[in-house]
file entry_19.cif (mmCIF, C-alpha atoms and all ligand atoms)
data_input
#
loop_
_atom_site.label_atom_id
_atom_site.label_comp_id
_atom_site.auth_asym_id
_atom_site.auth_seq_id
_atom_site.Cartn_x
_atom_site.Cartn_y
_atom_site.Cartn_z
CA MET A 1 106.02 96.45 95.07
CA THR A 2 102.76 98.35 95.10
CA LEU A 3 102.42 101.72 96.73
CA ASP A 4 101.02 101.30 100.18
CA THR A 5 98.02 103.41 99.35
CA THR A 6 95.49 100.88 100.57
CA ALA A 7 96.43 101.31 104.22
CA VAL A 8 93.64 102.49 106.49
CA THR A 9 94.81 105.39 108.57
CA GLY A 10 93.43 106.41 111.93
CA THR A 11 91.36 103.22 112.17
CA ASP A 12 91.59 100.06 114.17
CA VAL A 13 92.92 97.50 111.69
CA VAL A 14 92.12 93.83 112.24
CA LEU A 15 93.81 92.32 109.18
CA SER A 16 96.55 93.74 107.00
CA VAL A 17 97.64 92.22 103.72
CA ARG A 18 100.87 93.42 102.18
CA ASP A 19 102.21 92.71 98.69
CA LEU A 20 100.58 89.31 98.64
CA SER A 21 101.31 87.19 95.56
CA VAL A 22 99.95 83.69 94.94
CA VAL A 23 101.11 81.29 92.26
CA TYR A 24 99.63 77.99 91.11
CA ASP A 25 102.67 75.94 90.18
CA GLY A 26 102.65 73.90 87.00
CA ALA A 27 104.17 73.76 83.54
CA ASP A 28 102.82 77.28 83.04
CA PRO A 29 102.59 78.77 86.54
CA VAL A 30 99.50 80.90 87.06
CA ARG A 31 100.12 84.19 88.87
CA ALA A 32 96.61 84.31 90.29
CA VAL A 33 97.17 87.10 92.85
CA ARG A 34 99.79 89.76 92.26
CA ASP A 35 101.09 92.20 94.86
CA VAL A 36 97.80 92.71 96.66
CA SER A 37 97.75 95.03 99.67
CA PHE A 38 94.87 96.19 101.83
CA ASP A 39 93.85 96.82 105.41
CA LEU A 40 90.62 95.57 106.89
CA ALA A 41 89.28 97.78 109.66
CA ARG A 42 87.57 96.23 112.65
CA GLY A 43 83.85 95.84 111.98
CA GLU A 44 83.87 97.03 108.37
CA VAL A 45 82.68 95.31 105.20
CA LEU A 46 85.32 95.24 102.49
CA GLY A 47 83.89 94.17 99.15
CA ILE A 48 86.10 92.47 96.58
CA ALA A 49 84.73 92.64 93.06
CA GLY A 50 85.90 91.50 89.65
CA GLU A 51 84.94 89.12 86.90
CA SER A 52 85.62 85.41 86.93
CA GLY A 53 89.26 84.36 87.06
CA CYS A 54 90.63 87.65 88.41
CA GLY A 55 91.89 86.02 91.62
CA LYS A 56 89.17 86.77 94.19
CA SER A 57 88.80 83.25 95.55
CA THR A 58 92.53 82.65 95.50
CA LEU A 59 92.93 85.76 97.62
CA ALA A 60 90.29 84.44 100.06
CA TYR A 61 92.05 81.09 100.33
CA ALA A 62 95.42 82.79 100.85
CA ILE A 63 94.27 85.14 103.60
CA THR A 64 92.60 82.30 105.49
CA ARG A 65 95.61 80.00 105.03
CA LEU A 66 93.46 77.48 103.16
CA LEU A 67 95.41 77.48 99.93
CA LYS A 68 96.42 74.00 98.87
CA PRO A 69 99.06 72.85 96.37
CA PRO A 70 99.68 73.62 93.60
CA GLY A 71 98.73 77.02 95.04
CA ARG A 72 101.30 78.75 97.22
CA VAL A 73 101.95 82.19 98.61
CA ALA A 74 104.96 83.34 96.61
CA SER A 75 105.55 86.56 98.55
CA GLY A 76 103.97 89.06 100.87
CA GLU A 77 102.34 88.75 104.27
CA VAL A 78 98.99 88.62 106.02
CA VAL A 79 98.97 89.92 109.58
CA PHE A 80 96.11 89.54 112.05
CA HIS A 81 95.82 92.21 114.74
CA PRO A 82 93.90 90.90 117.75
CA ALA A 83 92.18 93.50 119.92
CA ASP A 84 93.93 91.99 122.93
CA GLY A 85 97.45 91.03 121.96
CA PRO A 86 100.41 91.38 119.61
CA PRO A 87 100.00 91.04 115.83
CA VAL A 88 100.18 87.53 114.37
CA ASP A 89 101.89 86.89 111.03
CA LEU A 90 99.71 84.12 109.62
CA SER A 91 102.58 82.51 107.73
CA THR A 92 104.09 81.56 111.10
CA LEU A 93 101.03 79.52 112.15
CA HIS A 94 101.06 75.77 111.64
CA GLY A 95 99.38 72.73 113.13
CA GLU A 96 97.32 73.28 116.25
CA PRO A 97 97.81 77.08 116.49
CA LEU A 98 96.65 77.42 112.87
CA ARG A 99 93.65 75.17 113.51
CA ARG A 100 92.73 77.22 116.57
CA PHE A 101 93.17 80.44 114.68
CA ARG A 102 90.68 79.42 112.02
CA TRP A 103 87.13 80.11 113.06
CA ASN A 104 88.17 81.46 116.45
CA ARG A 105 89.63 84.51 114.74
CA VAL A 106 88.87 84.27 111.03
CA ALA A 107 85.89 82.26 109.77
CA MET A 108 84.90 81.42 106.24
CA VAL A 109 81.60 81.09 104.41
CA PHE A 110 82.02 79.51 101.03
CA GLN A 111 79.77 79.52 98.04
CA GLY A 112 77.69 76.42 97.41
CA ALA A 113 76.32 75.30 100.74
CA MET A 114 75.54 71.83 99.40
CA ASN A 115 79.24 71.27 98.82
CA ALA A 116 80.39 72.95 101.98
CA LEU A 117 78.05 71.05 104.32
CA ASN A 118 78.55 67.38 104.88
CA PRO A 119 75.54 65.65 103.27
CA VAL A 120 75.59 62.65 105.61
CA LEU A 121 75.64 64.55 108.89
CA SER A 122 72.70 66.31 110.52
CA VAL A 123 72.76 70.06 111.10
CA ARG A 124 73.04 69.37 114.84
CA ARG A 125 76.12 67.23 114.37
CA GLN A 126 77.81 69.74 112.06
CA LEU A 127 77.20 72.66 114.39
CA ALA A 128 78.16 70.62 117.45
CA ASP A 129 81.40 69.56 115.73
CA VAL A 130 82.55 73.17 115.74
CA PHE A 131 82.23 73.26 119.52
CA THR A 132 83.67 69.79 120.01
CA ALA A 133 86.73 70.78 117.99
CA HIS A 134 87.22 74.27 119.37
CA ARG A 135 85.44 74.35 122.74
CA PRO A 136 86.06 70.84 124.10
CA GLU A 137 85.34 72.01 127.63
CA LEU A 138 81.62 72.41 126.86
CA ARG A 139 79.32 69.71 128.17
CA ARG A 140 76.86 67.99 125.85
CA ALA A 141 73.85 69.96 127.10
CA GLU A 142 75.74 73.24 126.72
CA ARG A 143 76.70 72.31 123.17
CA GLU A 144 73.08 71.57 122.36
CA GLU A 145 72.05 74.92 123.79
CA ARG A 146 74.71 76.74 121.74
CA CYS A 147 73.57 74.94 118.58
CA ARG A 148 69.99 76.07 119.17
CA GLU A 149 71.14 79.63 119.80
CA LEU A 150 73.17 79.60 116.59
CA LEU A 151 70.25 78.47 114.47
CA ASP A 152 68.05 81.02 116.18
CA LEU A 153 70.60 83.73 115.29
CA VAL A 154 70.08 83.04 111.60
CA GLY A 155 66.32 82.69 111.88
CA ILE A 156 66.02 78.91 111.74
CA GLY A 157 63.87 77.01 114.22
CA PRO A 158 65.44 74.38 116.52
CA GLU A 159 63.41 71.60 114.87
CA ARG A 160 65.84 71.85 111.96
CA LEU A 161 68.72 70.63 114.10
CA SER A 162 67.85 67.06 113.15
CA ALA A 163 67.62 67.84 109.43
CA TYR A 164 70.19 66.77 106.84
CA PRO A 165 71.44 69.31 104.28
CA HIS A 166 69.32 67.90 101.43
CA GLU A 167 66.20 68.51 103.53
CA LEU A 168 66.89 72.24 103.67
CA SER A 169 66.38 74.91 101.02
CA GLY A 170 69.46 76.56 99.50
CA GLY A 171 68.85 79.67 101.60
CA MET A 172 68.61 77.64 104.81
CA ARG A 173 71.80 75.75 104.03
CA GLN A 174 73.60 79.01 103.48
CA ARG A 175 72.22 80.29 106.80
CA VAL A 176 73.53 77.18 108.52
CA LEU A 177 76.98 77.94 107.11
CA ILE A 178 76.73 81.50 108.36
CA ALA A 179 75.65 80.21 111.76
CA MET A 180 78.70 77.92 111.81
CA ALA A 181 80.93 80.86 110.96
CA MET A 182 79.42 82.81 113.88
CA ALA A 183 79.86 79.96 116.33
CA LEU A 184 83.11 81.10 117.91
CA ARG A 185 82.51 84.85 117.53
CA PRO A 186 85.36 85.49 115.08
CA ASP A 187 86.89 88.91 114.40
CA VAL A 188 86.80 88.45 110.63
CA VAL A 189 84.43 86.52 108.37
CA VAL A 190 85.51 85.92 104.78
CA MET A 191 82.53 85.28 102.52
CA ASP A 192 83.17 83.98 99.03
CA GLU A 193 80.05 84.38 96.89
CA PRO A 194 77.82 83.40 99.84
CA THR A 195 74.57 84.28 98.10
CA THR A 196 75.31 83.75 94.43
CA ALA A 197 73.30 80.57 93.96
CA LEU A 198 70.23 81.97 95.72
CA ASP A 199 67.24 83.76 94.31
CA VAL A 200 67.06 87.47 94.75
CA VAL A 201 64.59 87.52 97.66
CA VAL A 202 66.50 84.92 99.68
CA GLN A 203 69.74 86.70 98.82
CA ARG A 204 68.39 89.93 100.25
CA ASP A 205 67.18 88.22 103.43
CA ILE A 206 70.58 86.67 103.97
CA LEU A 207 72.42 89.93 103.38
CA GLU A 208 70.19 91.60 105.94
CA GLU A 209 70.92 88.74 108.31
CA ILE A 210 74.66 89.18 107.85
CA ASP A 211 74.37 92.90 108.45
CA ARG A 212 72.32 92.37 111.59
CA LEU A 213 74.82 89.87 112.95
CA ARG A 214 77.70 92.18 112.14
CA ALA A 215 76.03 95.06 113.97
CA ARG A 216 75.49 92.77 116.96
CA PHE A 217 78.88 91.05 117.13
CA GLY A 218 81.14 93.63 115.47
CA PHE A 219 83.09 91.30 113.18
CA ALA A 220 84.66 92.57 109.95
CA VAL A 221 83.64 91.03 106.64
CA VAL A 222 85.58 90.42 103.45
CA PHE A 223 82.75 89.91 100.97
CA ILE A 224 83.74 88.48 97.61
CA THR A 225 81.47 88.52 94.61
CA HIS A 226 81.42 89.36 90.93
CA ASP A 227 78.25 91.36 91.65
CA LEU A 228 79.39 94.95 91.86
CA SER A 229 75.95 96.44 92.45
CA LEU A 230 75.44 94.19 95.46
CA LEU A 231 78.84 95.20 96.82
CA LEU A 232 78.11 98.88 96.37
CA GLU A 233 75.12 98.42 98.58
CA ILE A 234 76.67 96.44 101.41
CA SER A 235 80.36 97.48 101.51
CA ASP A 236 82.08 100.26 103.38
CA ARG A 237 85.04 100.01 101.06
CA LEU A 238 85.63 98.22 97.80
CA ALA A 239 88.58 96.64 96.03
CA VAL A 240 88.12 95.92 92.32
CA MET A 241 90.38 93.15 91.06
CA TYR A 242 91.55 92.56 87.53
CA GLY A 243 94.22 90.16 86.32
CA GLY A 244 95.20 89.18 89.87
CA ARG A 245 95.67 92.74 91.09
CA ILE A 246 93.63 95.35 92.89
CA VAL A 247 93.08 97.97 90.20
CA GLU A 248 90.84 100.28 92.20
CA TYR A 249 90.29 100.72 95.90
CA GLY A 250 88.27 103.18 97.90
CA ARG A 251 85.11 103.95 99.80
CA ALA A 252 82.18 102.27 98.09
CA ALA A 253 80.31 105.55 97.79
CA ASP A 254 83.31 107.27 96.16
CA LEU A 255 83.89 104.42 93.78
CA HIS A 256 80.25 104.50 92.78
CA ALA A 257 80.08 108.26 92.34
CA ALA A 258 83.42 108.72 90.57
CA PRO A 259 85.09 105.51 89.41
CA ALA A 260 88.64 106.19 88.24
CA HIS A 261 89.91 102.99 86.62
CA PRO A 262 88.58 102.26 83.13
CA TYR A 263 87.79 98.69 84.22
CA THR A 264 85.65 99.91 87.12
CA VAL A 265 83.89 102.26 84.73
CA GLY A 266 83.21 99.33 82.41
CA LEU A 267 82.13 97.08 85.25
CA LEU A 268 79.73 99.65 86.69
CA ARG A 269 77.81 100.01 83.47
CA SER A 270 77.54 96.22 83.20
CA PHE A 271 75.28 95.98 86.22
CA PRO A 272 71.78 97.24 86.77
CA ARG A 273 71.40 100.17 89.10
CA LEU A 274 69.90 99.27 92.40
CA ARG A 275 67.56 102.21 92.37
CA GLY A 276 66.56 104.90 89.96
CA GLU A 277 65.92 105.08 86.26
CA ARG A 278 65.99 102.36 83.65
CA THR A 279 69.45 102.01 82.22
CA VAL A 280 70.92 100.34 79.19
CA LEU A 281 73.52 97.82 80.30
CA HIS A 282 76.74 97.20 78.41
CA GLY A 283 79.48 94.65 78.73
CA VAL A 284 83.22 95.19 78.60
CA PRO A 285 84.27 93.73 75.25
CA GLY A 286 87.16 91.26 75.22
CA SER A 287 88.43 88.70 77.71
CA PRO A 288 90.48 88.81 80.88
CA PRO A 289 94.19 88.03 80.55
CA ASP A 290 95.60 84.52 80.78
CA LEU A 291 97.48 84.66 84.07
CA SER A 292 99.74 81.78 83.04
CA ARG A 293 101.30 84.01 80.40
CA PRO A 294 103.82 86.72 81.25
CA LEU A 295 102.14 90.12 81.40
CA THR A 296 103.99 93.14 80.19
CA GLY A 297 102.42 96.46 80.96
CA CYS A 298 98.91 96.95 82.26
CA ALA A 299 96.78 93.78 82.24
CA PHE A 300 93.74 95.75 81.03
CA THR A 301 95.46 97.15 77.93
CA ALA A 302 93.73 94.86 75.43
CA ARG A 303 90.24 95.94 76.59
CA CYS A 304 90.85 99.54 77.56
CA PRO A 305 89.41 102.32 75.41
CA TYR A 306 91.86 104.76 76.99
CA VAL A 307 95.07 102.84 76.28
CA PHE A 308 98.19 104.82 75.37
CA ASP A 309 101.80 103.85 74.62
CA ALA A 310 103.12 103.55 78.17
CA CYS A 311 100.32 101.09 79.08
CA HIS A 312 101.96 98.42 76.93
CA HIS A 313 105.17 98.30 78.95
CA THR A 314 104.45 99.70 82.44
CA ASP A 315 102.36 97.79 84.98
CA PRO A 316 100.82 100.56 87.09
CA SER A 317 100.66 100.59 90.88
CA LEU A 318 97.77 102.02 92.85
CA ARG A 319 97.96 105.78 93.14
CA VAL A 320 95.63 108.54 94.20
CA ALA A 321 92.97 109.09 91.55
CA GLY A 322 90.40 111.63 92.68
CA THR A 323 88.56 110.20 95.66
CA THR A 324 89.81 106.62 95.18
CA ARG A 325 93.10 104.86 94.35
CA ALA A 326 93.54 103.41 90.88
CA ALA A 327 96.25 101.40 89.15
CA CYS A 328 96.08 103.34 85.90
CA LEU A 329 98.80 105.34 84.18
CA HIS A 330 96.35 108.13 83.38
CA TYR A 331 96.74 109.16 87.01
CA ASP A 332 100.53 109.35 86.83
CA PRO A 333 101.28 113.08 86.57
CA ALA A 334 104.71 112.34 85.08
CA LEU A 335 103.05 110.59 82.14
CA ARG A 336 99.77 112.47 82.00
CA PRO A 337 100.34 116.01 83.31
CA ASP A 338 96.83 117.03 82.22
CA GLY A 339 95.24 114.12 84.06
CA PRO A 340 92.92 111.49 82.62
CA PRO A 341 90.86 112.12 79.47
CA GLU A 342 87.61 113.99 79.91
CA ALA A 343 85.56 110.95 78.83
CA LEU A 344 87.15 108.77 81.52
CA ARG A 345 86.56 111.44 84.12
CA ALA A 346 82.95 111.55 83.01
CA GLY A 347 82.66 107.78 83.51
CA ARG A 348 82.33 106.87 79.85
CA PHE A 349 83.63 103.69 78.28
CA ASP A 350 83.34 104.38 74.57
CA SER A 351 84.37 101.30 72.69
CA GLY A 352 81.16 100.36 70.94
CA PRO A 353 80.03 97.48 73.19
CA ALA A 354 76.79 95.68 72.60
CA GLU A 355 73.73 96.32 74.66
CA CYS A 356 72.90 93.39 76.81
CA ALA A 357 69.89 94.24 78.95
CA VAL A 358 67.56 96.95 80.13
CA GLU A 359 66.56 97.02 83.71
CA GLU A 360 63.94 98.87 85.64
CA ALA A 361 64.58 99.53 89.28
CA GLY A 362 62.51 97.21 91.41
CA GLY A 363 61.55 95.12 88.39
CA ASP A 364 62.55 91.63 87.44
CA PRO A 365 66.19 90.72 87.65
CA PRO A 366 67.89 91.39 84.33
CA VAL A 367 69.44 88.70 82.27
CA ASP A 368 73.12 88.09 82.12
CA THR A 369 74.85 91.04 83.64
CA THR A 370 77.15 89.52 86.15
CA GLY A 371 80.34 88.35 84.55
CA ARG A 372 80.00 85.13 86.51
CA GLN A 373 81.32 81.96 85.00
CA PRO A 374 80.11 78.63 86.28
CA ARG A 375 82.20 77.30 89.10
CA ARG A 376 83.55 73.80 88.89
CA GLU A 377 81.74 71.52 91.29
CA ALA A 378 83.78 69.51 93.72
CA ALA A 379 84.58 66.19 92.10
CA GLU A 380 84.15 64.22 95.34
CA PRO A 381 81.52 64.61 98.03
CA PRO A 382 82.96 66.20 101.12
CA GLN A 383 84.48 63.88 103.67
CA ALA A 384 83.79 64.13 107.35
CA SER A 385 86.60 65.92 109.12
CA THR A 386 87.38 66.24 112.77
CA ASP A 387 87.80 69.95 112.25
CA PRO A 388 84.64 71.42 110.72
CA VAL A 389 86.56 74.46 109.52
CA THR A 390 88.84 72.28 107.48
CA ALA A 391 85.89 70.16 106.46
CA GLN A 392 84.11 73.17 105.04
CA ALA A 393 87.24 74.38 103.31
CA GLU A 394 88.09 71.00 101.93
CA SER A 395 84.65 70.59 100.51
CA ALA A 396 84.66 74.05 98.97
CA PRO A 397 84.82 73.95 95.19
CA GLU A 398 88.09 72.52 93.95
CA ARG A 399 90.48 74.69 92.00
CA ASP A 400 91.21 72.73 88.87
CA GLY A 401 94.18 74.54 87.40
CA ALA A 402 92.39 75.17 84.14
CA ALA A 403 93.22 78.28 82.22
CA PRO A 404 90.57 80.97 82.65
CA GLU A 405 87.57 80.59 80.46
CA THR A 406 87.46 83.26 77.84
CA GLY A 407 84.81 84.70 75.62
CA PRO A 408 82.59 87.73 75.35
CA TRP A 409 82.04 89.47 78.63
CA PRO A 410 79.82 89.40 80.57
CA PRO A 411 79.29 85.74 79.78
CA THR A 412 75.91 84.11 80.20
CA GLY A 413 74.56 82.47 83.31
CA GLY A 414 74.39 82.99 87.00
CA GLY A 415 72.90 86.49 87.11
CA THR A 416 70.66 86.97 90.08
CA ARG A 417 70.29 90.67 90.35
N1 LIG B 501 94.09 74.89 91.32
C1 LIG B 501 94.45 75.77 90.39
N2 LIG B 501 95.50 75.51 89.59
C2 LIG B 501 95.89 76.37 88.64
N3 LIG B 501 95.29 77.55 88.41
C3 LIG B 501 94.23 77.88 89.17
C4 LIG B 501 93.75 77.01 90.20
N4 LIG B 501 92.68 77.60 90.78
C5 LIG B 501 92.51 78.77 90.16
N5 LIG B 501 93.43 78.94 89.19
C6 LIG B 501 93.59 80.10 88.30
O1 LIG B 501 93.86 81.23 89.10
C7 LIG B 501 93.24 82.38 88.51
C8 LIG B 501 92.35 83.03 89.56
O2 LIG B 501 91.27 82.14 89.85
P1 LIG B 501 90.21 82.43 91.01
O3 LIG B 501 89.29 81.26 91.10
O4 LIG B 501 90.93 82.86 92.22
O5 LIG B 501 89.43 83.68 90.41
P2 LIG B 501 88.02 84.24 90.85
O6 LIG B 501 88.07 85.70 90.58
O7 LIG B 501 87.68 83.81 92.21
O8 LIG B 501 87.05 83.54 89.81
P3 LIG B 501 85.65 82.84 90.11
O9 LIG B 501 84.72 83.95 90.47
O10 LIG B 501 85.31 82.17 88.82
O11 LIG B 501 85.90 81.88 91.22
C9 LIG B 501 92.50 81.90 87.27
O12 LIG B 501 93.35 82.11 86.17
C10 LIG B 501 92.33 80.42 87.52
O13 LIG B 501 92.26 79.69 86.32
#

call {"tool": "encode", "arguments": {"input": "entry_19.cif", "output": "structure tokens", "more": "lines below"}}
Ligand SMILES: Nc1ncnc2c1ncn2[C@@H]1O[C@H](COP(=O)(O)OP(=O)(O)OP(=O)(O)O)[C@@H](O)[C@H]1O
result
Amino acid sequence: MTLDTTAVTGTDVVLSVRDLSVVYDGADPVRAVRDVSFDLARGEVLGIAGESGCGKSTLAYAITRLLKPPGRVASGEVVFHPADGPPVDLSTLHGEPLRRFRWNRVAMVFQGAMNALNPVLSVRRQLADVFTAHRPELRRAEREERCRELLDLVGIGPERLSAYPHELSGGMRQRVLIAMAMALRPDVVVMDEPTTALDVVVQRDILEEIDRLRARFGFAVVFITHDLSLLLEISDRLAVMYGGRIVEYGRAADLHAAPAHPYTVGLLRSFPRLRGERTVLHGVPGSPPDLSRPLTGCAFTARCPYVFDACHHTDPSLRVAGTTRAACLHYDPALRPDGPPEALRAGRFDSGPAECAVEEAGGDPPVDTTGRQPRREAAEPPQASTDPVTAQAESAPERDGAAPETGPWPPTGGGTR
């Protein structure tokens, strides 16, 4: 069990996740999420960062109850705290109550709008379906009015209501998905790589749109991406995942100014700075662990320049590490009475990595700095569903059970910033 150091104190919590573990069953079960705990405060943006295969999407599917076999929640709980009623343990919801919960309370925006939208239904029909499924009392004219309002919210003109997804740009499709997520005024919106496939200008517009909507409606956001620099900009707090666990957690500003975990240090120097001087970017040499193999000790051992004996046999829990919380034995006073090494404290990651790009603030996006690996496309086109929430989830990229891709890190492809 992890230390409960990710709890938000003195704040109004809307979602609490405790010791959540998810396994994909199979000949070699994959422990994709391991003992994850965090609180989401009402109205905040919690960023979840980490390279491909570290369990981000699995966590998103688990907290929205969209995980499908062979994935299953092996232990832990996710509790929703409505502003106006008793807490709801999500594992107790099934059937109609679960269907109602989704999108009324927690909505999802998945990556890859072309997969998530139904290609054979117009935008009008897909937006209206949300209301038909969840607000059946609305009359046809009221539904039409709500659909127009929704598109207007995300800056799309009403003439697009009759369009089909292939007639819209990638940015517009993603806006339609965001509009759908807003439809029932949820308390929480989980966004899994919502802007990854978009060019940098469209990405920025959409992030601004999300922020504007959040300020207006007050929902909390769990924003998942491999792109740490983007998260530093938009998040109130950040959780960095590695090997299925949260390895660092704290306020985004603290994590930026004084990262504690060696992986966060490595990750930070892999991304271009948003503003300021040109910087030389480095990768973190090595590959993430194979989560279908038993892990003894810290999952980052093989790539960590600060590894010491205990790391090979003790899997660290989150503990206070300066201004953040880090799952690193260097912050265990019993093992390291003098604290972490000076180089780690100074934010260095000295293991002779290769340079991979130089970036100038405000200049062109750099090449290959993101750690993103290509996502598997859904094998089948999405099917129409009576519940658009389920339809979107079902048409989200399939999880294929393949072992994580390995290779030098960051790998090539997908960088947008
Ligand atoms: N359906 C599945 N069956 C078996 N293993 C799976 C399945 N889906 C994902 N996994 C494994 O679970 C682990 C976590 O994957 P997940 O997709 O959650 O990571 P991620 O951080 O979101 O990566 P990405 O950014 O590439 O989506 C990986 O080892 C992956 O191979």

call {"tool": "closest_residue", "arguments": {"input": "entry_19.cif", "among": "A:Asp199, A:Asp211, A:Glu167, A:Asp332", "to": "A:Val320", "atoms": "all atoms listed in the file"}}
result
A:Asp332

call {"tool": "closest_residue", "arguments": {"input": "entry_19.cif", "among": "A:Thr264, A:Ser229, A:Ser292, A:Gln174", "to": "A:Leu117", "atoms": "only C-alpha atoms"}}
result
A:Gln174

call {"tool": "closest_residue", "arguments": {"input": "entry_19.cif", "among": "A:Ser52, A:Ser91, A:Thr314, A:Gln203", "to": "ligand LIG 501 (chain B)", "atoms": "only C-alpha atoms and all ligand atoms"}}
result
A:Ser52

call {"tool": "closest_residue", "arguments": {"input": "entry_19.cif", "among": "A:Arg204, A:Arg105, A:Arg245, A:His166", "to": "ligand LIG 501 (chain B)", "atoms": "all atoms listed in the file"}}
result
A:Arg245

call {"tool": "closest_residue", "arguments": {"input": "entry_19.cif", "among": "A:Ser37, A:Ser169, A:Ser75, A:Ser287", "to": "ligand LIG 501 (chain B)", "atoms": "only C-alpha atoms and all ligand atoms"}}
result
A:Ser287

call {"tool": "decode", "arguments": {"input": "entry_19.cif", "residues": "stretch 157-178 of chain A", "atoms": "C-alpha atoms", "output": "PDB file, in the first residue's frame"}}
result
ATOM      1  CA  GLY A 157     -20.841  27.657 -36.362  1.00  0.00           C
ATOM      2  CA  PRO A 158     -24.291  26.004 -36.449  1.00  0.00           C
ATOM      3  CA  GLU A 159     -23.940  25.268 -40.178  1.00  0.00           C
ATOM      4  CA  ARG A 160     -21.582  22.454 -39.179  1.00  0.00           C
ATOM      5  CA  LEU A 161     -24.384  20.562 -37.463  1.00  0.00           C
ATOM      6  CA  SER A 162     -25.165  18.832 -40.745  1.00  0.00           C
ATOM      7  CA  ALA A 163     -21.528  17.909 -41.421  1.00  0.00           C
ATOM      8  CA  TYR A 164     -20.098  14.399 -41.133  1.00  0.00           C
ATOM      9  CA  PRO A 165     -16.810  13.851 -39.281  1.00  0.00           C
ATOM     10  CA  HIS A 166     -14.755  13.450 -42.470  1.00  0.00           C
ATOM     11  CA  GLU A 167     -15.911  16.907 -43.579  1.00  0.00           C
ATOM     12  CA  LEU A 168     -14.325  18.532 -40.539  1.00  0.00           C
ATOM     13  CA  SER A 169     -10.680  19.299 -39.807  1.00  0.00           C
ATOM     14  CA  GLY A 170      -8.936  17.357 -37.022  1.00  0.00           C
ATOM     15  CA  GLY A 171      -9.202  20.373 -34.733  1.00  0.00           C
ATOM     16  CA  MET A 172     -12.934  20.737 -35.372  1.00  0.00           C
ATOM     17  CA  ARG A 173     -13.553  17.059 -34.717  1.00  0.00           C
ATOM     18  CA  GLN A 174     -11.728  17.328 -31.434  1.00  0.00           C
ATOM     19  CA  ARG A 175     -13.828  20.390 -30.572  1.00  0.00           C
ATOM     20  CA  VAL A 176     -16.982  18.416 -31.313  1.00  0.00           C
ATOM     21  CA  LEU A 177     -15.813  15.757 -28.860  1.00  0.00           C
ATOM     22  CA  ILE A 178     -15.152  18.420 -26.257  1.00  0.00           C
TER      23      ILE A 178
END
